[in-house]
Amino acid sequence: MSNSPLSLGRRAVLAGLAGGAAALTLPRTALAFSVERARAMIDNVVRDINKIIGSGKSEAGMIKDFEKLFSTYGDVPRIAALVLGPDGRTASSSQRSAFAKAFQGYMSRKYGRRFREFIGGSIEVQGAKAVKSFYEVTTMTRLKGRAPFEVVFVVADKNGKFIDMKIEGISLVKSERSEIGALLDKRKGDLNRLIADLKKI
Amino acid sequence: MSELPGAEERNPVIFAATRPFRRLLPIVALAALAACAKAPAPSGQADPHEVANRRTHEANLRFDRAFFAPTSNAYGTILPQPVRQGVSQFSSNISLPGTMVNQLLQGEVEDAVHNAVRFLFNTTLGVAGIFDIATDIGLEERDTDFGETLHVWGFAEGDYVVLPFFGPSTERDAFGTAVDFFINPLSYVIPKPEGYLSPASEVISRFGDRYDYGDTFDALLYESADGYATARLFYLDSRRYDLGVEVEDDDLYDLYEEVYE
């Protein structure tokens, strides 16, 4: 509606250029293949998200579908560990996996609940590039009545799953680390209490 | 995901409320600029004024609960969306000459010309800017401010500060906000009382933003475990993103290896 085709074209071209430049400056053999794989993986993510948006399901149904998507394409244990940060150092392995499980549900409810705002919108993959031991896949999200915005998926080289999402520069890992840190502080650092409470948030 | 705010809803601001202080602003602002000129390059979330900032943040929340949110709700409930959109487009159109001055100061001549054409179209065919027909023909909004001008000139962002009414900012952006009050050539040309239409529409469009993005605001400020820390993170990183500043957080994804392998 209020999107300008000019600016979109420009952004797409820039994203493509960035991707092309990255491919040129890096060893072409294995990495080029992985850039393509990372892009293909996010293509699937985007396809599934668009499917959820268009499904017309109830909120509970969308949350369930989103949780499945999150655990299939995202490296949830790793994201949970990143979010827990230094507090995770002293945690036992059973605490870590309990936290990862509770975190998965919490994230799915928190973000799945907002899927209804995406109805009528769409996401599109624009380009991919290698950054250190990661791949950044850039997508453009268009929602009704809002200027299109960029979401970058950070995909790990190791297992090809995504470990972060940056929405116009704001990292999900960073903001959830701040949030989980504050929740933990409120419980005086008691991880078990946080795990129990996270299931109710 | 969409609870992350975009540029337009970042500063819940009441411009009019600061009117009496405007004469003092240049002095305060000069001091702020002197401070940020020697500040280091931006990176993390260091916040040396956290105690004072949190106090201002709490005061802003009290102001929001007592006045800003309820007034915005009334405004959004009484006036239909097309009317609110017209007010906000009028306000953004009338501020365009100020934006163009900043773009010229940044050497972005193409953007300034783009906005000049946009301004001509919307002011005439768009009935004083109420209708944004320029966007429909491919002349989208290209926004900037004096904070960005300072960035282009090489000034570092300085410390994170929370301003009364305006909310999250940095020393550099606070100075920029102050200068932007005076930068619009139109404000020296349009006689009073018509001249008051610009700040008035600006304030009213902030009510509209508060209403339209109400869920986002509430999630950010009231539902998050530490709304202050969330607002700081969102402001700093999305501002850096807008300015094209690379954030130095190389170790963001390293922890996993360190702890688990």
# chains A, B, ... in the order shown; residues from 1 in each chain; ligands from 1
call {"tool": "closest_atom_pairs", "arguments": {"of": "chain A", "to": "chain B", "cutoff": "9 Å", "atoms": "only C-alpha atoms", "output": "tab-separated table"}}
result
residue	atom	partner	partner_atom	distance
A:Met1	CA	B:Asp136	CA	7.8
A:Ser2	CA	B:Thr135	CA	6.3
A:Asn3	CA	B:Thr135	CA	7.2
A:Ser4	CA	B:Gly138	CA	4.8
A:Pro5	CA	B:Gly138	CA	6.1
A:Leu6	CA	B:Gly138	CA	5.7
A:Ser7	CA	B:Glu140	CA	7.3
A:Arg78	CA	B:Tyr256	CA	6.5
A:Ile79	CA	B:Tyr256	CA	8.7
A:Ala81	CA	B:Tyr256	CA	6.4
A:Leu82	CA	B:Leu255	CA	6.3
A:Gly85	CA	B:Leu255	CA	6.9
A:Pro86	CA	B:Leu255	CA	7.9
A:Gly88	CA	B:Val259	CA	8.0
A:Arg89	CA	B:Val259	CA	6.3
A:Lys110	CA	B:Met1	CA	8.9
A:Tyr111	CA	B:Met1	CA	6.0
A:Gly112	CA	B:Met1	CA	8.9
A:Arg114	CA	B:Met1	CA	7.2
A:Phe115	CA	B:Met1	CA	8.5
A:Glu117	CA	B:Ser2	CA	7.8
A:Phe118	CA	B:Ser2	CA	8.5
A:Ala147	CA	B:Gly6	CA	9.0
A:Phe149	CA	B:Gly6	CA	8.3
A:Ile163	CA	B:Tyr253	CA	8.3
A:Asp164	CA	B:Tyr253	CA	8.9
A:Ile167	CA	B:Leu4	CA	7.3
A:Glu168	CA	B:Ser238	CA	6.3
A:Gly169	CA	B:Tyr241	CA	5.1
A:Ile170	CA	B:Asp237	CA	5.7
A:Ser171	CA	B:Asp237	CA	8.3
A:Leu172	CA	B:Met1	CA	8.8
A:Val173	CA	B:Leu252	CA	8.3
A:Lys174	CA	B:Leu252	CA	7.9
A:Ser175	CA	B:Thr230	CA	6.7
A:Ser178	CA	B:Thr230	CA	7.0
A:Glu179	CA	B:Ala225	CA	5.9
A:Ile180	CA	B:Ala225	CA	7.9
A:Gly181	CA	B:Ala225	CA	8.8
A:Ala182	CA	B:Ala225	CA	5.7
A:Leu183	CA	B:Ala225	CA	5.9
A:Lys186	CA	B:Ala225	CA	8.5
call {"tool": "select_by_dssp", "arguments": {"residues": "range 10-182 of chain A", "states": "strand (DSSP E or B)", "output": "MDAnalysis selection string"}}
result
chainID A and resid 74 122:131 134:142 149:156 162:167 170:171
call {"tool": "residues_around", "arguments": {"residues": "Asn184 in chain B", "least_positions_apart": "4", "cutoff": "10 Å", "atoms": "only C-alpha atoms", "output": "PyMOL selection string"}}
result
chain B and resi 94-102+179-180+188-189
call {"tool": "write_last_selection", "arguments": {"atoms": "all heavy atoms", "output": "short mmCIF file (atom, residue, chain, number, x, y, z; two decimals), in the first residue's frame"}}
result
data_model
loop_
_atom_site.label_atom_id
_atom_site.label_comp_id
_atom_site.auth_asym_id
_atom_site.auth_seq_id
_atom_site.Cartn_x
_atom_site.Cartn_y
_atom_site.Cartn_z
N ILE B 94 4.98 18.78 6.52
CA ILE B 94 5.39 20.14 6.89
C ILE B 94 6.79 20.14 7.49
O ILE B 94 7.49 21.16 7.51
CB ILE B 94 4.34 20.79 7.83
CG1 ILE B 94 4.33 22.31 7.65
CG2 ILE B 94 4.56 20.42 9.26
CD1 ILE B 94 3.13 22.98 8.30
N SER B 95 7.24 18.97 7.96
CA SER B 95 8.60 18.89 8.53
C SER B 95 9.64 18.59 7.44
O SER B 95 10.84 18.60 7.71
CB SER B 95 8.66 17.83 9.62
OG SER B 95 8.58 16.55 9.04
N LEU B 96 9.18 18.31 6.23
CA LEU B 96 10.11 17.91 5.16
C LEU B 96 11.21 18.93 4.85
O LEU B 96 12.37 18.53 4.65
CB LEU B 96 9.35 17.59 3.88
CG LEU B 96 8.99 16.12 3.62
CD1 LEU B 96 8.33 15.98 2.27
CD2 LEU B 96 10.22 15.24 3.70
N PRO B 97 10.90 20.25 4.80
CA PRO B 97 12.00 21.19 4.54
C PRO B 97 13.14 21.07 5.56
O PRO B 97 14.32 21.20 5.19
CB PRO B 97 11.31 22.56 4.61
CG PRO B 97 9.90 22.27 4.21
CD PRO B 97 9.59 20.92 4.80
N GLY B 98 12.81 20.79 6.81
CA GLY B 98 13.84 20.56 7.83
C GLY B 98 14.67 19.33 7.50
O GLY B 98 15.89 19.32 7.62
N THR B 99 13.97 18.27 7.06
CA THR B 99 14.65 17.04 6.64
C THR B 99 15.60 17.33 5.49
O THR B 99 16.74 16.85 5.46
CB THR B 99 13.61 15.99 6.20
OG1 THR B 99 12.63 15.86 7.22
CG2 THR B 99 14.25 14.65 5.93
N MET B 100 15.14 18.17 4.55
CA MET B 100 15.98 18.49 3.38
C MET B 100 17.23 19.26 3.80
O MET B 100 18.32 19.02 3.25
CB MET B 100 15.16 19.30 2.37
CG MET B 100 14.19 18.44 1.57
SD MET B 100 12.72 19.34 1.00
CE MET B 100 13.42 20.68 0.10
N VAL B 101 17.08 20.18 4.76
CA VAL B 101 18.25 20.91 5.25
C VAL B 101 19.28 19.91 5.78
O VAL B 101 20.48 19.98 5.46
CB VAL B 101 17.86 21.92 6.35
CG1 VAL B 101 19.10 22.48 7.04
CG2 VAL B 101 17.02 23.05 5.76
N ASN B 102 18.82 18.95 6.58
CA ASN B 102 19.74 17.94 7.11
C ASN B 102 20.39 17.13 6.01
O ASN B 102 21.60 16.84 6.06
CB ASN B 102 19.00 17.01 8.08
CG ASN B 102 18.92 17.59 9.48
OD1 ASN B 102 19.93 18.05 10.02
ND2 ASN B 102 17.74 17.59 10.06
N VAL B 179 18.43 20.73 18.02
CA VAL B 179 18.67 21.53 16.81
C VAL B 179 17.50 21.41 15.83
O VAL B 179 17.13 22.38 15.18
CB VAL B 179 20.00 21.10 16.14
CG1 VAL B 179 20.17 21.77 14.78
CG2 VAL B 179 21.18 21.45 17.04
N ASP B 180 16.92 20.20 15.75
CA ASP B 180 15.81 19.99 14.81
C ASP B 180 14.61 20.88 15.10
O ASP B 180 13.79 21.11 14.22
CB ASP B 180 15.40 18.52 14.79
CG ASP B 180 16.34 17.68 13.92
OD1 ASP B 180 16.82 18.20 12.89
OD2 ASP B 180 16.60 16.51 14.26
N TYR B 188 10.21 29.74 10.04
CA TYR B 188 10.56 31.17 10.05
C TYR B 188 9.74 31.95 9.03
O TYR B 188 9.78 33.17 8.97
CB TYR B 188 12.06 31.34 9.76
CG TYR B 188 12.93 30.63 10.76
CD1 TYR B 188 13.47 29.38 10.48
CD2 TYR B 188 13.16 31.18 12.02
CE1 TYR B 188 14.24 28.71 11.41
CE2 TYR B 188 13.94 30.52 12.96
CZ TYR B 188 14.46 29.28 12.65
OH TYR B 188 15.22 28.63 13.58
N VAL B 189 9.03 31.20 8.18
CA VAL B 189 8.31 31.82 7.07
C VAL B 189 6.82 31.93 7.36
O VAL B 189 6.19 32.94 7.08
CB VAL B 189 8.54 31.01 5.77
CG1 VAL B 189 7.79 31.63 4.61
CG2 VAL B 189 10.03 30.95 5.45
#
call {"tool": "atom_distance", "arguments": {"atom1": "CA of Val203 in chain B", "atom2": "CA of Asn73 in chain B"}}
result
14.2 Å
call {"tool": "atom_distance", "arguments": {"atom1": "CA of His114 in chain B", "atom2": "CA of Arg146 in chain A"}}
result
20.9 Å
